[in-house]
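Below is the file entry.txt, which contains compact mmCIF, C-alpha atoms.
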# COMPACT_ATOMS: atom_id res chain seq x y z
CA MET H 1 131.82 88.65 124.27
CA SER H 2 128.75 88.48 126.48
CA SER H 3 125.53 90.36 127.02
CA PRO H 4 123.68 89.37 130.21
CA ASN H 5 120.04 90.01 130.95
CA SER H 6 117.71 89.01 133.77
CA LYS H 7 117.10 85.51 132.46
CA THR H 8 119.91 84.38 130.20
CA THR H 9 123.38 85.29 129.11
CA LYS H 10 124.14 85.60 125.43
CA THR H 11 127.61 84.98 124.07
CA HIS H 12 128.46 85.56 120.46
CA GLY H 13 131.44 85.63 118.19
CA TYR H 14 133.11 84.37 115.05
CA ALA H 15 135.06 81.18 114.43
CA HIS H 16 137.36 80.45 111.52
CA VAL H 17 135.86 77.30 110.02
CA ASN H 18 136.73 75.77 106.62
CA GLY H 19 137.64 79.16 105.18
CA LEU H 20 134.58 80.90 106.65
CA LYS H 21 134.46 83.56 109.32
CA MET H 22 131.43 81.87 110.85
CA TYR H 23 129.13 83.75 113.21
CA TYR H 24 127.34 82.05 116.10
CA GLU H 25 125.39 82.95 119.22
CA THR H 26 124.87 80.98 122.43
CA LYS H 27 122.02 81.49 124.90
CA GLY H 28 120.97 79.50 127.94
CA THR H 29 122.61 76.99 130.24
CA GLY H 30 122.88 73.22 130.13
CA ASP H 31 123.86 70.66 127.55
CA PRO H 32 124.62 72.06 124.09
CA LEU H 33 121.77 72.24 121.58
CA VAL H 34 122.71 73.40 118.09
CA PHE H 35 119.95 75.24 116.20
CA ILE H 36 120.50 75.31 112.44
CA PRO H 37 118.25 77.93 110.80
CA PRO H 38 116.47 77.62 107.44
CA ALA H 39 117.64 79.20 104.18
CA PHE H 40 118.38 82.89 104.78
CA GLY H 41 117.85 82.46 108.52
CA PHE H 42 120.41 83.53 111.10
CA ALA H 43 121.08 83.86 114.82
CA GLY H 44 118.62 86.21 116.50
CA LEU H 45 115.93 86.05 113.84
CA GLU H 46 114.29 83.28 115.86
CA SER H 47 114.66 82.72 119.57
CA PHE H 48 113.39 79.86 121.73
CA PRO H 49 113.38 81.03 125.37
CA ASP H 50 111.62 77.87 126.58
CA LEU H 51 114.74 75.92 125.65
CA PHE H 52 117.24 78.19 127.42
CA GLN H 53 116.65 76.90 130.95
CA ASN H 54 118.04 73.42 130.30
CA HIS H 55 120.04 73.91 127.13
CA SER H 56 122.91 76.01 125.92
CA VAL H 57 121.39 76.88 122.53
CA ILE H 58 124.03 77.55 119.86
CA THR H 59 122.65 79.17 116.72
CA VAL H 60 124.84 79.25 113.63
CA ASP H 61 124.89 81.57 110.62
CA LEU H 62 125.61 79.26 107.71
CA GLN H 63 127.67 80.18 104.65
CA GLY H 64 126.31 83.38 103.09
CA ASN H 65 123.54 83.69 105.68
CA GLY H 66 123.22 86.40 108.32
CA ARG H 67 126.58 87.70 109.46
CA THR H 68 128.62 84.92 107.85
CA ALA H 69 129.92 86.17 104.52
CA ASP H 70 129.77 83.91 101.50
CA ILE H 71 132.81 82.36 99.84
CA PRO H 72 131.87 83.30 96.27
CA GLU H 73 133.84 80.55 94.57
CA ARG H 74 132.62 77.79 96.91
CA PRO H 75 129.30 76.08 96.09
CA ILE H 76 126.66 75.76 98.79
CA SER H 77 125.38 72.30 99.65
CA ILE H 78 123.80 70.45 102.54
CA GLU H 79 126.96 68.39 102.84
CA GLN H 80 129.09 71.55 103.15
CA TYR H 81 126.71 73.06 105.68
CA ALA H 82 127.15 69.93 107.80
CA LYS H 83 130.94 70.10 107.56
CA ASP H 84 130.88 73.74 108.63
CA VAL H 85 128.63 73.11 111.65
CA VAL H 86 130.86 70.23 112.73
CA GLY H 87 133.90 72.48 112.26
CA LEU H 88 132.32 75.10 114.50
CA LEU H 89 131.68 72.53 117.24
CA THR H 90 135.29 71.39 117.01
CA SER H 91 136.40 75.02 117.32
CA LEU H 92 134.22 75.43 120.42
CA GLY H 93 135.48 72.20 121.99
CA ILE H 94 132.06 70.51 121.90
CA SER H 95 132.28 66.73 121.45
CA LYS H 96 128.56 65.86 121.58
CA ALA H 97 125.35 67.85 121.19
CA ASP H 98 121.65 67.78 120.40
CA PHE H 99 120.62 69.24 117.03
CA PHE H 100 117.49 71.13 116.01
CA GLY H 101 117.16 72.17 112.39
CA GLU H 102 114.55 73.94 110.29
CA SER H 103 114.04 73.36 106.53
CA TYR H 104 117.51 73.26 104.91
CA GLY H 105 118.86 73.50 108.45
CA ALA H 106 116.87 70.37 109.27
CA ASN H 107 118.39 68.59 106.29
CA THR H 108 121.78 69.62 107.68
CA ALA H 109 120.98 68.26 111.14
CA ALA H 110 119.98 64.93 109.59
CA MET H 111 123.17 64.93 107.51
CA ILE H 112 125.22 65.33 110.69
CA ALA H 113 123.37 62.36 112.20
CA VAL H 114 124.26 60.28 109.12
CA ARG H 115 127.89 61.33 108.64
CA TYR H 116 129.02 62.33 112.14
CA PRO H 117 127.01 60.06 114.47
CA GLN H 118 129.60 60.30 117.24
CA LEU H 119 128.66 63.97 117.72
CA VAL H 120 124.92 63.43 118.06
CA ARG H 121 122.71 62.81 121.07
CA ARG H 122 119.25 63.61 119.70
CA VAL H 123 117.98 65.33 116.56
CA VAL H 124 114.86 67.37 115.84
CA THR H 125 113.88 68.38 112.30
CA TYR H 126 111.13 70.75 111.20
CA GLY H 127 110.13 70.82 107.54
CA ALA H 128 113.02 68.63 106.40
CA THR H 129 113.27 67.11 102.94
CA PHE H 130 114.85 63.68 103.17
CA GLY H 131 114.40 62.88 99.47
CA PRO H 132 114.39 64.54 96.04
CA PRO H 133 111.98 67.46 95.46
CA GLN H 134 109.69 65.55 93.10
CA ASN H 135 108.98 63.00 95.83
CA VAL H 136 108.87 65.36 98.78
CA LEU H 137 107.26 68.70 98.03
CA ASN H 138 103.55 69.38 98.34
CA PRO H 139 102.37 70.88 95.03
CA GLU H 140 99.52 72.71 96.78
CA THR H 141 101.91 74.75 98.93
CA THR H 142 104.97 75.03 96.67
CA HIS H 143 103.23 76.07 93.44
CA PHE H 144 103.90 79.53 91.98
CA ASP H 145 102.72 81.10 88.74
CA HIS H 146 106.02 82.87 88.03
CA PRO H 147 109.58 81.81 88.87
CA PRO H 148 110.69 83.52 92.11
CA THR H 149 113.23 86.33 91.94
CA ALA H 150 115.41 88.03 94.56
CA GLU H 151 113.04 91.01 94.65
CA ALA H 152 109.74 89.09 94.70
CA ARG H 153 107.15 89.75 97.40
CA ASN H 154 107.10 86.12 98.57
CA ILE H 155 110.72 86.44 99.72
CA LYS H 156 110.34 89.95 101.24
CA PHE H 157 110.66 88.79 104.87
CA GLN H 158 113.94 86.99 104.21
CA ARG H 159 115.32 89.76 101.98
CA GLU H 160 114.65 92.58 104.45
CA ASN H 161 116.08 90.69 107.40
CA TYR H 162 119.17 89.62 105.44
CA LYS H 163 119.95 93.24 104.61
CA LYS H 164 119.76 94.24 108.30
CA VAL H 165 122.73 92.08 109.34
CA ALA H 166 124.67 90.93 106.25
CA PRO H 167 128.28 92.11 105.86
CA ASP H 168 127.28 93.33 102.38
CA PRO H 169 123.53 93.93 102.03
CA ASN H 170 123.92 94.38 98.28
CA TYR H 171 125.05 90.75 98.01
CA TRP H 172 121.43 89.61 98.40
CA PRO H 173 120.70 88.79 94.71
CA LYS H 174 123.85 86.65 94.52
CA ILE H 175 123.16 84.64 97.66
CA PHE H 176 119.51 84.26 96.66
CA ASP H 177 120.53 82.69 93.34
CA LYS H 178 123.23 80.60 94.99
CA VAL H 179 120.94 79.10 97.63
CA GLY H 180 118.34 78.53 94.91
CA SER H 181 120.86 76.47 92.96
CA ILE H 182 121.41 73.91 95.74
CA GLN H 183 121.08 70.43 94.28
CA TRP H 184 119.68 68.22 97.04
CA GLY H 185 118.68 64.65 96.27
CA GLY H 186 118.10 63.42 99.79
CA PHE H 187 119.33 60.32 101.57
CA SER H 188 119.47 56.71 100.47
CA ARG H 189 117.46 54.08 102.34
CA GLU H 190 120.73 52.75 103.75
CA GLU H 191 121.66 56.17 105.10
CA LEU H 192 118.28 56.62 106.75
CA ALA H 193 118.49 53.17 108.32
CA SER H 194 121.98 54.01 109.64
CA ILE H 195 120.72 56.87 111.87
CA LYS H 196 121.05 55.53 115.39
CA ALA H 197 120.34 58.70 117.36
CA PRO H 198 116.75 59.33 118.44
CA ILE H 199 115.20 61.70 115.88
CA LEU H 200 111.95 63.66 115.99
CA ILE H 201 110.52 64.52 112.58
CA ILE H 202 108.09 67.45 112.67
CA VAL H 203 106.04 68.87 109.80
CA GLY H 204 103.06 71.15 109.49
CA ASP H 205 99.92 69.75 107.92
CA HIS H 206 100.21 72.58 105.34
CA ASP H 207 103.99 72.43 105.10
CA PHE H 208 106.01 72.65 101.89
CA VAL H 209 106.79 69.01 102.70
CA ARG H 210 104.16 66.33 102.13
CA VAL H 211 102.93 64.75 105.35
CA GLU H 212 103.09 61.40 103.53
CA HIS H 213 106.81 61.93 103.03
CA ALA H 214 107.34 62.56 106.74
CA VAL H 215 105.43 59.36 107.55
CA GLU H 216 107.54 57.40 105.08
CA ILE H 217 110.77 58.69 106.62
CA PHE H 218 109.50 58.05 110.13
CA LYS H 219 109.08 54.40 109.17
CA ALA H 220 112.54 54.22 107.57
CA ILE H 221 114.60 55.45 110.55
CA PRO H 222 114.95 53.04 113.50
CA ASN H 223 114.60 55.48 116.42
CA ALA H 224 112.29 58.03 114.82
CA GLU H 225 109.28 59.82 116.27
CA LEU H 226 106.76 61.86 114.27
CA ALA H 227 104.77 65.00 115.04
CA VAL H 228 102.35 66.77 112.67
CA ILE H 229 101.41 70.29 113.71
CA PRO H 230 97.80 71.14 112.80
CA SER H 231 96.98 74.21 110.72
CA ALA H 232 100.70 74.95 110.33
CA SER H 233 102.76 76.09 107.37
CA HIS H 234 106.47 75.77 106.67
CA PHE H 235 107.00 78.97 108.71
CA VAL H 236 105.27 78.11 111.98
CA LEU H 237 108.51 78.49 113.96
CA TYR H 238 108.43 82.16 113.01
CA SER H 239 104.71 82.73 113.51
CA GLU H 240 103.59 80.37 116.31
CA GLN H 241 106.58 78.69 117.88
CA GLU H 242 104.58 78.00 121.04
CA ARG H 243 102.80 75.26 119.09
CA VAL H 244 106.06 73.46 118.29
CA ILE H 245 108.65 74.15 120.97
CA PRO H 246 106.85 72.24 123.78
CA VAL H 247 107.01 69.14 121.58
CA VAL H 248 110.71 69.75 120.93
CA LYS H 249 111.42 70.35 124.62
CA HIS H 250 109.65 67.17 125.69
CA PHE H 251 111.57 65.10 123.16
CA LEU H 252 114.96 66.53 124.13
CA GLU H 253 114.43 66.29 127.87
CA LYS H 254 112.56 63.04 128.39
CA PRO H 255 114.44 60.04 129.89
CA GLU H 256 116.31 57.84 127.45
CA LYS H 257 114.26 54.84 128.56
CA GLY H 258 110.62 55.70 129.08
CA ILE H 259 107.54 53.69 129.92
CA SER H 260 106.46 51.40 127.09
CA LEU H 261 103.72 52.48 124.71
CA ALA H 262 100.47 50.62 125.10
CA THR H 263 99.15 48.30 122.41
CA ALA H 264 95.82 46.54 122.01
CA GLU H 265 97.43 43.42 123.43
CA THR H 266 99.08 45.00 126.48
CA GLY H 267 96.32 47.47 127.28
CA TYR H 268 96.87 50.55 129.43
CA HIS H 269 98.32 50.14 132.93
CA PRO H 270 99.35 53.26 134.91
CA GLY H 271 103.09 53.34 135.42
CA GLU H 272 103.56 50.27 133.23
CA THR H 273 102.32 51.43 129.81
CA ARG H 274 101.43 54.84 128.43

Can I see the file as structure tokens?
Amino acid sequence: MSSPNSKTTKTHGYAHVNGLKMYYETKGTGDPLVFIPPAFGFAGLESFPDLFQNHSVITVDLQGNGRTADIPERPISIEQYAKDVVGLLTSLGISKADFFGESYGANTAAMIAVRYPQLVRRVVTYGATFGPPQNVLNPETTHFDHPPTAEARNIKFQRENYKKVAPDPNYWPKIFDKVGSIQWGGFSREELASIKAPILIIVGDHDFVRVEHAVEIFKAIPNAELAVIPSASHFVLYSEQERVIPVVKHFLEKPEKGISLATAETGYHPGETR
């Protein structure tokens, strides 16, 4: 199915993947770039037109999110998310892609880099948690006075958008509890060191994720780069994507071998160091 407009063509459909009827959308032209949304995110809720010119952006609706119905008896995990995304790529005949993930979607993109390295060119993560919550989360931005519920105001945006597209809008309380029960302990040091693909780790300076954690992970992964977005929360890709996407675009599209970074010893020399 396709829906052309003046700038891009959107294709969308469902694929049978690991027992799911998994929804996806594709926009743009060029090499495949898989966007993995955050918890309760889905294709169409966010759009990145600056990436469409040089990338075929494939957005997936993960298990129980958006238009992809849940499998009630199957637990949700980052590992399963990764298997499902890889299954979708196999179904679409895609052997290698770039990956861009947000929050739990970013964890999933990193998991694919660890477990399915043959599929990965480059990876971008925004607001990823690479370790257990007690080591990762910023208490200033993740504190709440009362335990969150499916009907709480702080989840209103996600709840209302879920109900617009979900196969069963009344399933919201169940998927809310199920996603909330994800047990994610992060990666081991060996797993982080095993990531060979270039990876860009992005966080906001007021993210749910501690900036110190992002710095620690940046140092633990061989080909990592780090970007901290000023005055940005965990939701900046919804509110002010223009502050993030140029950084993503530059990372994905720059030459594999660039000009060396200058040091105090080398100094700066135009065309030789940068």

Pairwise distance, atom CA of H:Phe100 with atom CA of H:Leu33, equals 7.1 Å

If we count only C-alpha atoms and set the cut-off at 8 Å, which residues sit around H:Ala109, ignoring sequence neighbours fewer than 4 positions away in its own chain? Please answer as an MDAnalysis selection string. chainID H and resid 36 82 99:101 105 113 123:125

Write out as an mmCIF file with C-alpha atoms, keeping the file's coordinate frame which residues come within 10 Å of stretch 251-261 of chain H when counting all atoms listed in the file, dropping same-chain ones fewer than 4 positions away.
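part_16.cif was written with the following content:
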data_model
loop_
_atom_site.group_PDB
_atom_site.id
_atom_site.type_symbol
_atom_site.label_atom_id
_atom_site.label_comp_id
_atom_site.auth_asym_id
_atom_site.auth_seq_id
_atom_site.Cartn_x
_atom_site.Cartn_y
_atom_site.Cartn_z
ATOM 1 C CA LEU H 33 121.770 72.240 121.580
ATOM 2 C CA LEU H 51 114.740 75.920 125.650
ATOM 3 C CA ASN H 54 118.040 73.420 130.300
ATOM 4 C CA HIS H 55 120.040 73.910 127.130
ATOM 5 C CA ASP H 98 121.650 67.780 120.400
ATOM 6 C CA PHE H 99 120.620 69.240 117.030
ATOM 7 C CA PHE H 100 117.490 71.130 116.010
ATOM 8 C CA ARG H 121 122.710 62.810 121.070
ATOM 9 C CA ARG H 122 119.250 63.610 119.700
ATOM 10 C CA VAL H 123 117.980 65.330 116.560
ATOM 11 C CA VAL H 124 114.860 67.370 115.840
ATOM 12 C CA PRO H 198 116.750 59.330 118.440
ATOM 13 C CA ILE H 199 115.200 61.700 115.880
ATOM 14 C CA LEU H 200 111.950 63.660 115.990
ATOM 15 C CA GLU H 225 109.280 59.820 116.270
ATOM 16 C CA ILE H 245 108.650 74.150 120.970
ATOM 17 C CA PRO H 246 106.850 72.240 123.780
ATOM 18 C CA VAL H 247 107.010 69.140 121.580
ATOM 19 C CA THR H 266 99.080 45.000 126.480
ATOM 20 C CA GLY H 267 96.320 47.470 127.280
ATOM 21 C CA TYR H 268 96.870 50.550 129.430
ATOM 22 C CA PRO H 270 99.350 53.260 134.910
ATOM 23 C CA GLY H 271 103.090 53.340 135.420
ATOM 24 C CA GLU H 272 103.560 50.270 133.230
ATOM 25 C CA THR H 273 102.320 51.430 129.810
ATOM 26 C CA ARG H 274 101.430 54.840 128.430
#

Would you mind telling me which residue in H:Ala39, H:Ala232, H:Ile221, H:Met22 lies nearest to H:Gln158 when using all atoms listed in the file? H:Ala39

Would you write out, as CSV, a table of all residues in stretch 67-167 of chain H that have an atom no more than 9 Å from an atom of stretch 183-197 of chain H, listing for each the closest atom pair and the distance in Å to one decimal, considering only C-alpha atoms and ordering rows by chain and rising residue number?
residue,atom,partner,partner_atom,distance
H:Ile76,CA,H:Gln183,CA,8.9
H:Ser77,CA,H:Gln183,CA,7.1
H:Ile78,CA,H:Trp184,CA,7.2
H:Asn107,CA,H:Gly186,CA,8.3
H:Ala110,CA,H:Ile195,CA,8.4
H:Met111,CA,H:Phe187,CA,8.4
H:Ala113,CA,H:Ile195,CA,6.1
H:Val114,CA,H:Ile195,CA,5.6
H:Arg115,CA,H:Glu191,CA,8.8
H:Pro117,CA,H:Ala197,CA,7.4
H:Val120,CA,H:Ala197,CA,6.6
H:Arg121,CA,H:Ala197,CA,6.0
H:Arg122,CA,H:Ala197,CA,5.5
H:Val123,CA,H:Ala197,CA,7.1
H:Thr129,CA,H:Gly186,CA,6.8
H:Phe130,CA,H:Gly186,CA,4.7
H:Gly131,CA,H:Gly186,CA,3.8
H:Pro132,CA,H:Gly185,CA,4.3
H:Pro133,CA,H:Gly185,CA,7.3

Taking all atoms listed in the file into account, which of H:Phe52, H:Phe176, H:Val228, H:Gln118 comes nearest H:Ile155?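 Of H:Phe52, H:Phe176, H:Val228, H:Gln118, the one nearest H:Ile155, counting all atoms listed in the file, is H:Phe176.
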
Centre and edge lengths of an axis-aligned box around all listed atoms of stretch 98-107 of chain H, with 5 Å added on each side, are to be given in Å to one decimal, as JSON.
{"center_x": 117.8, "center_y": 70.9, "center_z": 112.7, "size_x": 17.6, "size_y": 16.2, "size_z": 25.5}

Quick one: pull the distance between atom CA of H:Tyr104 and atom CA of H:Asp50, Å, one decimal.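 Going from atom CA of H:Tyr104 over to atom CA of H:Asp50, I get 22.9 Å.
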
Counting only C-alpha atoms, find the residues whose atoms lie at most 8 Å from (129.7, 77.4, 125.9) (file coordinates) and write them out as a list in words. Thr26, Pro32, Ser56 and Leu92 of chain H

Residues proximal to (119.4, 78.9, 111.3) were defined as those with any atom within 10 Å of that point in the file's coordinates, counting all atoms listed in the file. Which are they, as a CSV table (one decimal) with C-alpha atoms, in the frame of the given file?
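What landed in out-v7.csv:
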chain,number,residue,atom,x,y,z
H,24,TYR,CA,127.3,82.0,116.1
H,34,VAL,CA,122.7,73.4,118.1
H,35,PHE,CA,120.0,75.2,116.2
H,36,ILE,CA,120.5,75.3,112.4
H,37,PRO,CA,118.2,77.9,110.8
H,38,PRO,CA,116.5,77.6,107.4
H,39,ALA,CA,117.6,79.2,104.2
H,40,PHE,CA,118.4,82.9,104.8
H,41,GLY,CA,117.8,82.5,108.5
H,42,PHE,CA,120.4,83.5,111.1
H,43,ALA,CA,121.1,83.9,114.8
H,44,GLY,CA,118.6,86.2,116.5
H,45,LEU,CA,115.9,86.0,113.8
H,46,GLU,CA,114.3,83.3,115.9
H,58,ILE,CA,124.0,77.6,119.9
H,59,THR,CA,122.6,79.2,116.7
H,60,VAL,CA,124.8,79.2,113.6
H,61,ASP,CA,124.9,81.6,110.6
H,62,LEU,CA,125.6,79.3,107.7
H,65,ASN,CA,123.5,83.7,105.7
H,66,GLY,CA,123.2,86.4,108.3
H,100,PHE,CA,117.5,71.1,116.0
H,101,GLY,CA,117.2,72.2,112.4
H,102,GLU,CA,114.6,73.9,110.3
H,103,SER,CA,114.0,73.4,106.5
H,104,TYR,CA,117.5,73.3,104.9
H,105,GLY,CA,118.9,73.5,108.4
H,106,ALA,CA,116.9,70.4,109.3

note - atom CA of H:Glu216 and atom CA of H:Phe235 are separated by 21.9 Å

Best match for closeness to H:Tyr116 among H:Gly87, H:Gly204, H:Gly93, H:Pro148, counting all atoms listed in the file: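 Closest candidate: H:Gly87.
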